[in-house]
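> Sharing my_file_8.cif here; it has mmCIF, C-alpha atoms.
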data_upload
loop_
_atom_site.label_atom_id
_atom_site.label_comp_id
_atom_site.auth_asym_id
_atom_site.auth_seq_id
_atom_site.Cartn_x
_atom_site.Cartn_y
_atom_site.Cartn_z
CA MET A 149 54.79 -22.40 -47.31
CA GLU A 150 53.45 -25.67 -48.75
CA GLU A 151 51.00 -27.63 -46.69
CA VAL A 152 52.64 -30.69 -45.13
CA LYS A 153 51.31 -33.89 -46.65
CA GLU A 154 50.33 -36.90 -44.59
CA VAL A 155 52.87 -39.71 -44.29
CA GLY A 156 52.13 -42.32 -46.96
CA LEU A 157 50.36 -45.52 -45.92
CA ASP A 158 51.73 -47.81 -48.59
CA PRO A 159 55.55 -47.79 -48.80
CA TRP A 160 55.49 -49.73 -52.08
CA MET A 161 52.92 -47.72 -54.01
CA GLY A 162 53.06 -44.15 -52.82
CA SER A 163 55.66 -41.41 -52.96
CA GLU A 164 54.75 -40.20 -49.50
CA LEU A 165 57.60 -42.08 -47.80
CA VAL A 166 59.65 -39.43 -46.06
CA SER A 167 62.53 -38.41 -48.29
CA SER A 168 65.02 -35.58 -48.43
CA SER A 169 65.87 -35.99 -52.12
CA HIS A 170 64.35 -32.60 -52.97
CA LEU A 171 66.76 -30.68 -50.73
CA SER A 172 69.90 -29.02 -52.02
CA PHE A 173 72.91 -28.47 -49.87
CA ASP A 174 72.13 -24.76 -49.91
CA ASP A 175 69.01 -25.67 -47.96
CA VAL A 176 71.18 -27.45 -45.41
CA GLU A 177 73.47 -24.48 -45.02
CA ALA A 178 70.62 -22.00 -44.84
CA GLY A 179 68.84 -23.91 -42.11
CA GLY A 180 66.30 -25.49 -44.43
CA TRP A 181 67.52 -28.93 -43.51
CA ARG A 182 66.95 -28.25 -39.83
CA ALA A 183 63.30 -27.31 -40.45
CA HIS A 184 62.86 -30.28 -42.75
CA ARG A 185 64.52 -32.56 -40.22
CA ASP A 186 62.21 -31.35 -37.44
CA GLU A 187 59.18 -32.04 -39.61
CA ILE A 188 60.49 -35.52 -40.45
CA ARG A 189 61.10 -36.20 -36.77
CA ARG A 190 57.61 -34.98 -35.82
CA ARG A 191 55.96 -37.19 -38.39
CA ALA A 192 58.16 -40.20 -37.58
CA GLU A 193 57.47 -39.88 -33.86
CA GLY A 194 53.78 -39.66 -34.59
CA ALA A 195 54.00 -42.71 -36.81
CA CYS A 196 55.74 -44.72 -34.08
CA LYS A 197 52.76 -44.09 -31.81
CA ARG A 198 50.22 -45.43 -34.31
CA THR A 199 48.72 -48.85 -33.85
CA GLU A 200 47.66 -49.17 -37.48
CA ILE A 201 50.22 -49.65 -40.22
CA THR A 202 49.76 -50.76 -43.79
CA ILE A 203 51.71 -53.86 -44.72
CA PRO A 204 53.32 -53.75 -48.18
CA ARG A 205 51.68 -56.01 -50.72
CA THR A 206 53.47 -59.22 -51.59
CA GLY A 207 53.83 -60.97 -54.93
CA LEU A 208 54.27 -59.09 -58.18
CA THR A 209 54.33 -55.58 -56.70
CA MET A 210 57.08 -56.49 -54.26
CA ALA A 211 59.12 -58.19 -56.98
CA ILE A 212 58.91 -55.16 -59.25
CA LYS A 213 59.99 -52.82 -56.48
CA GLU A 214 62.94 -55.04 -55.59
CA GLN A 215 63.97 -55.10 -59.24
CA GLU A 216 63.72 -51.33 -59.47
CA LEU A 217 65.96 -50.99 -56.41
CA ILE A 218 68.53 -53.42 -57.82
CA ALA A 219 68.48 -51.67 -61.21
CA ALA A 220 69.01 -48.26 -59.60
CA ARG A 221 71.88 -49.59 -57.51
CA LEU A 222 73.41 -51.34 -60.53
CA ARG A 223 73.37 -48.02 -62.41
CA GLU A 224 75.27 -46.40 -59.53
CA TYR A 225 77.70 -49.33 -59.48
CA CYS A 226 78.38 -49.00 -63.21
CA GLN A 227 79.07 -45.30 -62.82
CA LYS A 228 81.55 -46.00 -60.06
CA GLN A 229 83.30 -48.70 -62.11
CA GLY A 230 83.56 -46.44 -65.15
CA GLY A 231 81.00 -48.05 -67.45
CA GLN A 232 78.93 -51.17 -68.10
CA ASN A 233 81.75 -53.22 -69.60
CA LYS A 234 84.09 -52.54 -66.70
CA ALA A 235 81.31 -53.30 -64.24
CA ALA A 236 80.60 -56.62 -65.99
CA ASN A 237 84.25 -57.59 -65.63
CA THR A 238 83.93 -57.26 -61.84
CA LEU A 239 80.65 -59.20 -61.53
CA LYS A 240 80.81 -62.99 -61.60
CA GLY A 241 78.36 -64.57 -64.02
CA VAL A 242 77.00 -61.24 -65.27
CA SER A 243 77.54 -60.14 -68.87
CA SER A 244 77.55 -56.60 -70.20
CA ALA A 245 74.48 -57.54 -72.28
CA THR A 246 72.60 -58.48 -69.11
CA ILE A 247 73.57 -55.20 -67.49
CA SER A 248 72.40 -53.32 -70.59
CA LYS A 249 69.01 -55.06 -70.49
CA ILE A 250 68.51 -54.28 -66.82
CA LEU A 251 69.46 -50.62 -67.18
CA SER A 252 67.21 -50.20 -70.22
CA GLY A 253 64.22 -51.78 -68.48
CA SER A 254 64.10 -54.91 -70.62
CA TRP A 255 63.58 -57.32 -67.73
CA GLU A 256 61.40 -60.00 -69.33
CA THR A 257 64.29 -62.42 -69.95
CA ILE A 258 66.18 -61.74 -66.71
CA ALA A 259 65.87 -64.75 -64.40
CA GLU A 260 65.17 -64.29 -60.69
CA GLY A 261 68.47 -65.96 -59.86
CA MET A 262 70.32 -63.32 -61.87
CA TRP A 263 68.62 -60.55 -59.89
CA HIS A 264 69.75 -62.15 -56.64
CA ASN A 265 73.26 -62.72 -58.00
CA ILE A 266 73.65 -59.07 -58.98
CA SER A 267 72.07 -57.85 -55.75
CA LYS A 268 74.61 -59.69 -53.61
CA GLN A 269 77.63 -58.63 -55.67
CA ILE A 270 76.82 -54.91 -55.73
CA GLY A 271 76.34 -54.83 -51.98
CA LEU A 272 72.56 -54.57 -51.88
CA SER A 273 72.29 -57.82 -49.94
CA SER A 274 74.55 -58.75 -47.04
CA GLU A 275 74.57 -62.40 -45.90
CA GLY A 276 71.08 -62.86 -47.24
CA TRP A 277 69.80 -59.57 -45.83
CA THR A 278 68.22 -57.08 -48.22
CA ILE A 279 68.92 -53.42 -47.52
CA VAL A 280 65.84 -51.23 -47.89
CA ARG A 281 65.58 -47.53 -48.70
CA THR A 282 64.00 -46.38 -45.44
CA ALA A 283 63.50 -42.72 -44.60
CA VAL A 284 66.80 -42.78 -42.69
CA TYR A 285 68.54 -44.34 -45.69
CA GLU A 286 67.25 -41.61 -48.00
CA GLU A 287 68.10 -38.79 -45.58
CA LEU A 288 71.61 -40.01 -44.85
CA THR A 289 72.38 -40.74 -48.51
CA GLU A 290 71.28 -37.22 -49.43
CA LEU A 291 73.55 -35.74 -46.78
CA LEU A 292 76.51 -37.87 -47.87
CA GLU A 293 76.01 -36.80 -51.48
CA CYS A 294 75.81 -33.14 -50.48
CA ALA A 295 78.94 -33.38 -48.34
CA GLN A 296 80.89 -35.06 -51.13
CA ALA A 297 79.70 -32.73 -53.91
CA ASP A 298 80.44 -29.53 -51.95
CA SER A 299 83.36 -30.72 -49.77
CA GLN A 300 81.38 -30.02 -46.63
CA VAL A 301 81.98 -31.21 -43.09
CA MET A 302 79.08 -32.51 -40.99
CA ALA A 303 78.31 -34.41 -37.83
CA ILE A 304 75.24 -36.62 -38.35
CA VAL A 305 73.58 -38.33 -35.41
CA GLY A 306 70.83 -40.90 -35.19
CA SER A 307 69.56 -43.50 -32.78
CA ALA A 308 71.36 -46.84 -32.48
CA GLY A 309 69.94 -49.36 -34.93
CA CYS A 310 68.37 -46.86 -37.33
CA GLY A 311 70.54 -48.04 -40.24
CA LYS A 312 73.39 -45.51 -40.33
CA SER A 313 76.23 -47.99 -40.76
CA ALA A 314 74.45 -50.09 -43.39
CA THR A 315 73.71 -46.94 -45.40
CA ILE A 316 77.33 -45.83 -45.13
CA ARG A 317 78.60 -49.21 -46.31
CA GLN A 318 76.22 -49.07 -49.25
CA TYR A 319 77.24 -45.54 -50.16
CA THR A 320 80.93 -46.46 -49.98
CA THR A 321 80.32 -49.40 -52.31
CA THR A 322 78.42 -47.43 -54.93
CA HIS A 323 80.30 -44.12 -55.03
CA LYS A 324 83.79 -43.19 -56.15
CA GLU A 325 86.46 -41.53 -53.99
CA VAL A 326 84.79 -42.50 -50.72
CA VAL A 327 86.79 -43.73 -47.73
CA SER A 328 84.98 -44.95 -44.63
CA ILE A 329 86.20 -46.48 -41.40
CA THR A 330 84.50 -47.62 -38.22
CA CYS A 331 85.97 -45.99 -35.14
CA SER A 332 86.34 -47.76 -31.80
CA GLU A 333 87.30 -47.00 -28.22
CA TYR A 334 90.53 -49.00 -28.35
CA GLN A 335 92.04 -47.02 -31.22
CA ASN A 336 94.88 -44.64 -30.42
CA ARG A 337 96.38 -42.14 -32.85
CA THR A 338 98.58 -44.73 -34.53
CA SER A 339 95.96 -47.47 -34.96
CA TRP A 340 93.31 -44.97 -36.11
CA LEU A 341 95.58 -43.54 -38.80
CA SER A 342 96.56 -47.06 -39.84
CA ALA A 343 92.85 -47.92 -40.27
CA VAL A 344 92.34 -44.84 -42.46
CA MET A 345 95.38 -45.69 -44.59
CA GLU A 346 94.32 -49.30 -45.05
CA ALA A 347 90.85 -48.15 -46.13
CA MET A 348 92.62 -46.04 -48.77
CA GLY A 349 94.70 -48.98 -49.95
CA LEU A 350 97.91 -47.65 -48.40
CA ASP A 351 100.43 -49.62 -46.34
CA PRO A 352 100.99 -47.99 -42.92
CA ARG A 353 103.75 -50.33 -41.75
CA GLY A 354 106.97 -48.73 -40.59
CA MET A 355 105.61 -45.17 -40.70
CA SER A 356 105.52 -42.61 -37.90
CA VAL A 357 102.34 -40.76 -36.92
CA ALA A 358 103.47 -37.66 -38.83
CA GLU A 359 104.27 -39.74 -41.91
CA LYS A 360 100.89 -41.45 -41.76
CA ILE A 361 98.87 -38.28 -41.56
CA GLY A 362 100.98 -36.82 -44.36
CA ALA A 363 100.22 -39.86 -46.53
CA VAL A 364 96.48 -39.59 -45.79
CA VAL A 365 96.39 -35.90 -46.68
CA ARG A 366 98.35 -36.42 -49.91
CA LYS A 367 96.08 -39.26 -51.00
CA LEU A 368 92.94 -37.22 -50.39
CA ARG A 369 94.40 -34.18 -52.17
CA GLN A 370 95.00 -36.28 -55.26
CA ALA A 371 91.37 -37.44 -55.38
CA ASP A 372 88.51 -35.64 -57.13
CA LYS A 373 85.77 -34.69 -54.66
CA PRO A 374 86.80 -37.22 -51.98
CA LEU A 375 84.67 -38.02 -48.94
CA LEU A 376 86.02 -39.34 -45.64
CA ILE A 377 83.38 -40.98 -43.42
CA LEU A 378 84.12 -41.67 -39.77
CA ASP A 379 81.41 -44.04 -38.58
CA GLU A 380 80.75 -44.42 -34.85
CA ALA A 381 82.67 -41.20 -34.31
CA ASP A 382 81.32 -40.94 -30.77
CA LYS A 383 83.80 -43.69 -29.87
CA MET A 384 86.84 -41.63 -30.91
CA SER A 385 89.14 -40.61 -28.07
CA ASP A 386 89.99 -36.94 -27.67
CA GLN A 387 93.48 -37.53 -29.07
CA VAL A 388 92.03 -39.11 -32.19
CA LEU A 389 89.35 -36.42 -32.45
CA TYR A 390 92.11 -33.82 -32.70
CA PHE A 391 93.23 -35.47 -35.96
CA PHE A 392 89.87 -34.46 -37.38
CA ILE A 393 90.92 -30.83 -36.84
CA SER A 394 94.25 -31.45 -38.59
CA ILE A 395 92.58 -33.14 -41.58
CA TYR A 396 90.05 -30.31 -41.84
CA ASN A 397 92.80 -27.67 -41.75
CA GLU A 398 94.76 -29.42 -44.49
CA LEU A 399 91.82 -30.27 -46.75
CA GLU A 400 89.25 -27.51 -46.23
CA ASP A 401 87.11 -27.00 -49.36
CA HIS A 402 88.69 -30.03 -51.03
CA CYS A 403 87.48 -33.03 -49.03
CA GLY A 404 84.12 -33.74 -47.43
CA VAL A 405 84.21 -35.23 -43.95
CA ILE A 406 81.35 -36.94 -42.13
CA LEU A 407 81.21 -37.81 -38.44
CA SER A 408 78.42 -40.35 -38.00
CA ALA A 409 77.35 -41.31 -34.49
CA THR A 410 74.59 -41.71 -31.95
CA GLN A 411 73.25 -38.70 -30.06
CA TYR A 412 76.04 -39.23 -27.53
CA LEU A 413 78.40 -37.33 -29.83
CA ASP A 414 76.26 -34.21 -29.59
CA LYS A 415 76.03 -34.53 -25.80
CA ARG A 416 79.76 -35.06 -25.58
CA LEU A 417 80.49 -31.98 -27.67
CA GLN A 418 78.08 -29.85 -25.66
CA LYS A 419 79.67 -30.96 -22.40
CA GLY A 420 83.14 -30.26 -23.77
CA LEU A 421 82.06 -26.77 -24.78
CA ARG A 422 80.59 -26.05 -21.33
CA THR A 423 83.70 -27.22 -19.53
CA GLY A 424 86.13 -25.56 -21.94
CA ARG A 425 87.73 -28.89 -22.90
CA LYS A 426 90.68 -28.56 -25.25
CA GLY A 427 89.84 -28.81 -28.96
CA TYR A 428 86.07 -28.98 -28.62
CA GLU A 429 85.45 -25.41 -29.72
CA GLU A 430 87.50 -26.06 -32.86
CA VAL A 431 85.68 -29.31 -33.60
CA TYR A 432 82.26 -27.74 -33.08
CA SER A 433 83.13 -24.81 -35.31
CA ARG A 434 84.26 -27.09 -38.11
CA ILE A 435 80.99 -29.07 -38.16
CA GLY A 436 78.96 -25.87 -38.48
CA ARG A 437 78.07 -25.68 -34.77
CA GLN A 438 75.35 -28.29 -35.04
CA CYS A 439 74.80 -32.01 -35.34
CA VAL A 440 72.27 -33.00 -38.00
CA GLN A 441 69.66 -35.29 -36.44
CA LEU A 442 68.27 -38.13 -38.53
CA SER A 443 64.61 -39.05 -38.20
CA ALA A 444 63.37 -42.14 -36.39
CA LEU A 445 62.27 -45.30 -38.15
CA SER A 446 58.52 -45.49 -38.73
CA PRO A 447 56.37 -48.65 -38.59
CA GLU A 448 56.00 -48.33 -42.37
CA ASP A 449 59.80 -48.51 -42.72
CA ILE A 450 59.93 -51.61 -40.54
CA ALA A 451 57.12 -53.25 -42.50
CA LEU A 452 59.02 -52.55 -45.70
CA VAL A 453 62.15 -54.20 -44.28
CA CYS A 454 60.19 -57.26 -43.13
CA VAL A 455 58.53 -57.86 -46.49
CA ALA A 456 61.74 -57.28 -48.45
CA ASN A 457 63.40 -59.97 -46.32
CA GLY A 458 60.69 -62.58 -46.72
CA VAL A 459 58.39 -62.03 -43.74
CA THR A 460 54.81 -61.45 -44.85
CA GLY A 461 51.38 -61.49 -43.24
CA ASP A 462 49.85 -58.59 -41.37
CA ARG A 463 49.99 -60.22 -37.95
CA ARG A 464 53.64 -61.29 -38.17
CA VAL A 465 54.83 -57.94 -39.51
CA ARG A 466 52.84 -55.95 -36.96
CA LYS A 467 54.26 -58.09 -34.14
CA ILE A 468 57.82 -57.39 -35.30
CA SER A 469 57.08 -53.69 -35.72
CA ASP A 470 55.56 -53.43 -32.23
CA GLU A 471 58.54 -55.17 -30.61
CA ALA A 472 61.29 -53.49 -32.64
CA GLN A 473 61.41 -50.19 -30.72
CA CYS A 474 62.55 -48.48 -33.96
CA ASP A 475 65.73 -50.61 -33.99
CA LEU A 476 66.69 -52.50 -37.16
CA ARG A 477 68.93 -54.87 -35.22
CA ARG A 478 65.86 -56.10 -33.35
CA VAL A 479 64.00 -56.32 -36.67
CA LYS A 480 66.79 -58.42 -38.17
CA ARG A 481 66.80 -60.86 -35.24
CA ALA A 482 63.01 -61.11 -35.36
CA VAL A 483 63.03 -61.81 -39.11
CA TRP A 484 65.63 -64.54 -38.69
CA ARG A 485 63.54 -66.03 -35.86
CA GLU A 486 60.49 -66.10 -38.11
CA HIS A 487 62.46 -67.87 -40.83
CA GLN A 488 63.78 -70.41 -38.32
CA LEU A 489 60.28 -71.11 -37.01
CA ALA A 490 59.06 -71.58 -40.57
CA GLU A 491 61.87 -74.06 -41.30
CA ASP A 492 61.20 -75.98 -38.09
CA ALA A 493 57.51 -76.26 -38.98
CA GLN A 494 58.29 -77.92 -42.32
#
Let me see whether you can do it: turn the structure in this file into structure tokens.

Amino acid sequence: MEEVKEVGLDPWMGSELVSSSHLSFDDVEAGGWRAHRDEIRRRAEGACKRTEITIPRTGLTMAIKEQELIAARLREYCQKQGGQNKAANTLKGVSSATISKILSGSWETIAEGMWHNISKQIGLSSEGWTIVRTAVYEELTELLECAQADSQVMAIVGSAGCGKSATIRQYTTTHKEVVSITCSEYQNRTSWLSAVMEAMGLDPRGMSVAEKIGAVVRKLRQADKPLLILDEADKMSDQVLYFFISIYNELEDHCGVILSATQYLDKRLQKGLRTGRKGYEEVYSRIGRQCVQLSALSPEDIALVCVANGVTGDRRVRKISDEAQCDLRRVKRAVWREHQLAEDAQ
């Protein structure tokens, strides 16, 4: 067994940032993912206890890394659109020649404004917020890719604010044949199915529950390697959760399905199994009798997010990291507060 390497201290320069990109889905099925996940969790928990973190360097190094991220995402976007020319037709103010230069690494003549323009249009930035490839982002993206490629079904859980939903939105934007919805407590069978249909581009009006589920199944059967992502699945009612069983039964080995949630989903399933609650044994069997646990955010991840979104300086970044409690929502509010204070000081 290889010796475990220390977590990297410089998120910009090193390759030590926790990543699951070397795992195949066979590793997940064989239990390799569980061992890897436990190691990630151990290192992340240890990192959260540290008082010293290394703040990413600003200036040229940061700019290059941001450009590399945008270029990688643009490549994925072009693949989803079916080529550079088709992608250019969907991007306002971006020519196919510009896309070609970026993908080939000829960046000398690409203006900074163009980078920002492309970043926003391909979903890398949301309302001025830059999405960063944290350890959680890399882990979850790897799992989504595995589930889609092999038509697997998984339940993935992680702490609130670790970046699950943002990663899912990004994956949906940059990959073909992906349907994702956000579940909520108020949804019943009809409204949940309507949400799934609308995400697929179908019109649910005037259809019965049976007709809706039939339309969903037919649409997914027609797709090549489709993936259905149910975000915040812990909010699904039991009646809605039963539809997951029906979809699985109809599309086994043809469609990947992801249940993404907080740890409450795992607790809920375990309680349902103990009490013999209807349908829970079937649900648990179909997700492989385990929920895959994502790692926690490390201070290095939070520092990376701060710098990518314009907050620099060791003291400011460390303050945000200390107060964040491994929650990106708190990080986002703190970053906006820092920007507001900077504007008020001018």
> With distances taken over all atoms listed in the file, which residue among A:Ser244, A:Thr322, A:Lys426, A:Tyr334 lies nearest A:Met384?
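With all atoms listed in the file as the atom set, the closest residue is A:Tyr334.
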> Using all atoms listed in the file, which of A:Asp470, A:Glu224, A:Asp372, A:Asp382 sits nearest A:Ala482?
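Using all atoms listed in the file, the shortest distance to A:Ala482 belongs to A:Asp470.
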> Name the residues that the PyMOL selection byres ((chain A and resi 376) around 6) pulls out of this structure, and write them as a list in words.
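Against this file, the PyMOL selection byres ((chain A and resi 376) around 6) returns the residues Val327, Ser328, Leu375, Ile377 and Val405 of chain A.
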> Quick one: which residues end up in the PyMOL selection byres ((chain A and resi 450-466) around 7) for this structure, as an MDAnalysis selection string?
chainID A and resid 159 203:204 277:278 280 446:449 467:470 483
> Where does the PyMOL selection byres ((chain A and resi 284) around 7) land in this file, that is, which residues does it pick, as a list in words?
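Output from the PyMOL selection byres ((chain A and resi 284) around 7), applied to this file: Thr282, Ala283, Tyr285, Glu286, Glu287, Leu288, Cys310, Gly311, Leu442, Ser443 and Leu445 of chain A.
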> Considering all atoms listed in the file, can you say which of A:Lys373, A:Gln269, A:Thr330, A:Ser356 comes closest to A:Thr238?
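For A:Thr238, the nearest of the candidates is A:Gln269.
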> Tell me which of A:Asp379, A:Glu333, A:Glu256, A:Asp351 sits closest to A:Thr320, counting only C-alpha atoms.
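Nearest candidate to A:Thr320 out of A:Asp379, A:Glu333, A:Glu256, A:Asp351: A:Asp379.
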> Skip A:Ala297 itself and residues of its chain fewer than 4 positions away, then list as a PyMOL selection string all residues within 12 Å of it, counting all atoms listed in the file.
chain A and resi 172-174+290-293+301+323-326+372-375+401-405
> Since the input is missing atoms, can you rebuild N, CA and C atoms for stretch 315-343 of chain A and write them as a PDB file, keeping the file's coordinate frame?

ATOM      1  N   THR A 315      73.806 -47.944 -44.340  1.00  0.00           N
ATOM      2  CA  THR A 315      73.710 -46.940 -45.400  1.00  0.00           C
ATOM      3  C   THR A 315      75.093 -46.465 -45.819  1.00  0.00           C
ATOM      4  N   ILE A 316      75.966 -46.265 -44.833  1.00  0.00           N
ATOM      5  CA  ILE A 316      77.330 -45.830 -45.130  1.00  0.00           C
ATOM      6  C   ILE A 316      78.081 -46.887 -45.933  1.00  0.00           C
ATOM      7  N   ARG A 317      77.942 -48.144 -45.548  1.00  0.00           N
ATOM      8  CA  ARG A 317      78.600 -49.210 -46.310  1.00  0.00           C
ATOM      9  C   ARG A 317      78.092 -49.243 -47.739  1.00  0.00           C
ATOM     10  N   GLN A 318      76.785 -49.065 -47.911  1.00  0.00           N
ATOM     11  CA  GLN A 318      76.220 -49.070 -49.250  1.00  0.00           C
ATOM     12  C   GLN A 318      76.718 -47.892 -50.073  1.00  0.00           C
ATOM     13  N   TYR A 319      76.771 -46.737 -49.463  1.00  0.00           N
ATOM     14  CA  TYR A 319      77.240 -45.540 -50.160  1.00  0.00           C
ATOM     15  C   TYR A 319      78.706 -45.710 -50.571  1.00  0.00           C
ATOM     16  N   THR A 320      79.506 -46.257 -49.684  1.00  0.00           N
ATOM     17  CA  THR A 320      80.930 -46.460 -49.980  1.00  0.00           C
ATOM     18  C   THR A 320      81.099 -47.421 -51.155  1.00  0.00           C
ATOM     19  N   THR A 321      80.239 -48.422 -51.231  1.00  0.00           N
ATOM     20  CA  THR A 321      80.320 -49.400 -52.310  1.00  0.00           C
ATOM     21  C   THR A 321      79.938 -48.817 -53.662  1.00  0.00           C
ATOM     22  N   THR A 322      78.989 -47.904 -53.669  1.00  0.00           N
ATOM     23  CA  THR A 322      78.420 -47.430 -54.930  1.00  0.00           C
ATOM     24  C   THR A 322      78.904 -46.057 -55.386  1.00  0.00           C
ATOM     25  N   HIS A 323      79.809 -45.440 -54.648  1.00  0.00           N
ATOM     26  CA  HIS A 323      80.300 -44.120 -55.030  1.00  0.00           C
ATOM     27  C   HIS A 323      81.829 -44.100 -55.085  1.00  0.00           C
ATOM     28  N   LYS A 324      82.340 -43.319 -55.995  1.00  0.00           N
ATOM     29  CA  LYS A 324      83.790 -43.190 -56.150  1.00  0.00           C
ATOM     30  C   LYS A 324      84.378 -42.257 -55.105  1.00  0.00           C
ATOM     31  N   GLU A 325      85.675 -42.433 -54.848  1.00  0.00           N
ATOM     32  CA  GLU A 325      86.460 -41.530 -53.990  1.00  0.00           C
ATOM     33  C   GLU A 325      85.881 -41.402 -52.581  1.00  0.00           C
ATOM     34  N   VAL A 326      85.342 -42.508 -52.074  1.00  0.00           N
ATOM     35  CA  VAL A 326      84.790 -42.500 -50.720  1.00  0.00           C
ATOM     36  C   VAL A 326      85.611 -43.439 -49.847  1.00  0.00           C
ATOM     37  N   VAL A 327      86.046 -42.930 -48.706  1.00  0.00           N
ATOM     38  CA  VAL A 327      86.790 -43.730 -47.730  1.00  0.00           C
ATOM     39  C   VAL A 327      86.006 -43.722 -46.433  1.00  0.00           C
ATOM     40  N   SER A 328      85.712 -44.898 -45.897  1.00  0.00           N
ATOM     41  CA  SER A 328      84.980 -44.950 -44.630  1.00  0.00           C
ATOM     42  C   SER A 328      85.661 -45.939 -43.690  1.00  0.00           C
ATOM     43  N   ILE A 329      85.691 -45.578 -42.426  1.00  0.00           N
ATOM     44  CA  ILE A 329      86.200 -46.480 -41.400  1.00  0.00           C
ATOM     45  C   ILE A 329      85.235 -46.471 -40.223  1.00  0.00           C
ATOM     46  N   THR A 330      85.287 -47.538 -39.442  1.00  0.00           N
ATOM     47  CA  THR A 330      84.500 -47.620 -38.220  1.00  0.00           C
ATOM     48  C   THR A 330      85.428 -47.380 -37.036  1.00  0.00           C
ATOM     49  N   CYS A 331      85.127 -46.353 -36.285  1.00  0.00           N
ATOM     50  CA  CYS A 331      85.970 -45.990 -35.140  1.00  0.00           C
ATOM     51  C   CYS A 331      85.629 -46.862 -33.934  1.00  0.00           C
ATOM     52  N   SER A 332      86.570 -46.979 -33.007  1.00  0.00           N
ATOM     53  CA  SER A 332      86.340 -47.760 -31.800  1.00  0.00           C
ATOM     54  C   SER A 332      87.097 -47.169 -30.628  1.00  0.00           C
ATOM     55  N   GLU A 333      86.688 -47.574 -29.413  1.00  0.00           N
ATOM     56  CA  GLU A 333      87.300 -47.000 -28.220  1.00  0.00           C
ATOM     57  C   GLU A 333      88.767 -47.366 -28.071  1.00  0.00           C
ATOM     58  N   TYR A 334      89.157 -48.534 -28.585  1.00  0.00           N
ATOM     59  CA  TYR A 334      90.530 -49.000 -28.350  1.00  0.00           C
ATOM     60  C   TYR A 334      91.547 -48.347 -29.276  1.00  0.00           C
ATOM     61  N   GLN A 335      91.097 -47.610 -30.271  1.00  0.00           N
ATOM     62  CA  GLN A 335      92.040 -47.020 -31.220  1.00  0.00           C
ATOM     63  C   GLN A 335      92.774 -45.832 -30.600  1.00  0.00           C
ATOM     64  N   ASN A 336      94.096 -45.822 -30.751  1.00  0.00           N
ATOM     65  CA  ASN A 336      94.880 -44.640 -30.420  1.00  0.00           C
ATOM     66  C   ASN A 336      95.228 -43.916 -31.711  1.00  0.00           C
ATOM     67  N   ARG A 337      96.068 -42.913 -31.645  1.00  0.00           N
ATOM     68  CA  ARG A 337      96.380 -42.140 -32.850  1.00  0.00           C
ATOM     69  C   ARG A 337      96.982 -43.011 -33.947  1.00  0.00           C
ATOM     70  N   THR A 338      97.886 -43.904 -33.547  1.00  0.00           N
ATOM     71  CA  THR A 338      98.580 -44.730 -34.530  1.00  0.00           C
ATOM     72  C   THR A 338      97.635 -45.725 -35.202  1.00  0.00           C
ATOM     73  N   SER A 339      96.845 -46.447 -34.386  1.00  0.00           N
ATOM     74  CA  SER A 339      95.960 -47.470 -34.960  1.00  0.00           C
ATOM     75  C   SER A 339      94.822 -46.833 -35.772  1.00  0.00           C
ATOM     76  N   TRP A 340      94.360 -45.651 -35.351  1.00  0.00           N
ATOM     77  CA  TRP A 340      93.310 -44.970 -36.110  1.00  0.00           C
ATOM     78  C   TRP A 340      93.823 -44.546 -37.484  1.00  0.00           C
ATOM     79  N   LEU A 341      95.008 -43.945 -37.520  1.00  0.00           N
ATOM     80  CA  LEU A 341      95.580 -43.540 -38.800  1.00  0.00           C
ATOM     81  C   LEU A 341      95.879 -44.743 -39.687  1.00  0.00           C
ATOM     82  N   SER A 342      96.300 -45.844 -39.073  1.00  0.00           N
ATOM     83  CA  SER A 342      96.560 -47.060 -39.840  1.00  0.00           C
ATOM     84  C   SER A 342      95.258 -47.564 -40.481  1.00  0.00           C
ATOM     85  N   ALA A 343      94.150 -47.487 -39.733  1.00  0.00           N
ATOM     86  CA  ALA A 343      92.850 -47.920 -40.270  1.00  0.00           C
ATOM     87  C   ALA A 343      92.443 -47.046 -41.461  1.00  0.00           C
TER      88      ALA A 343
END
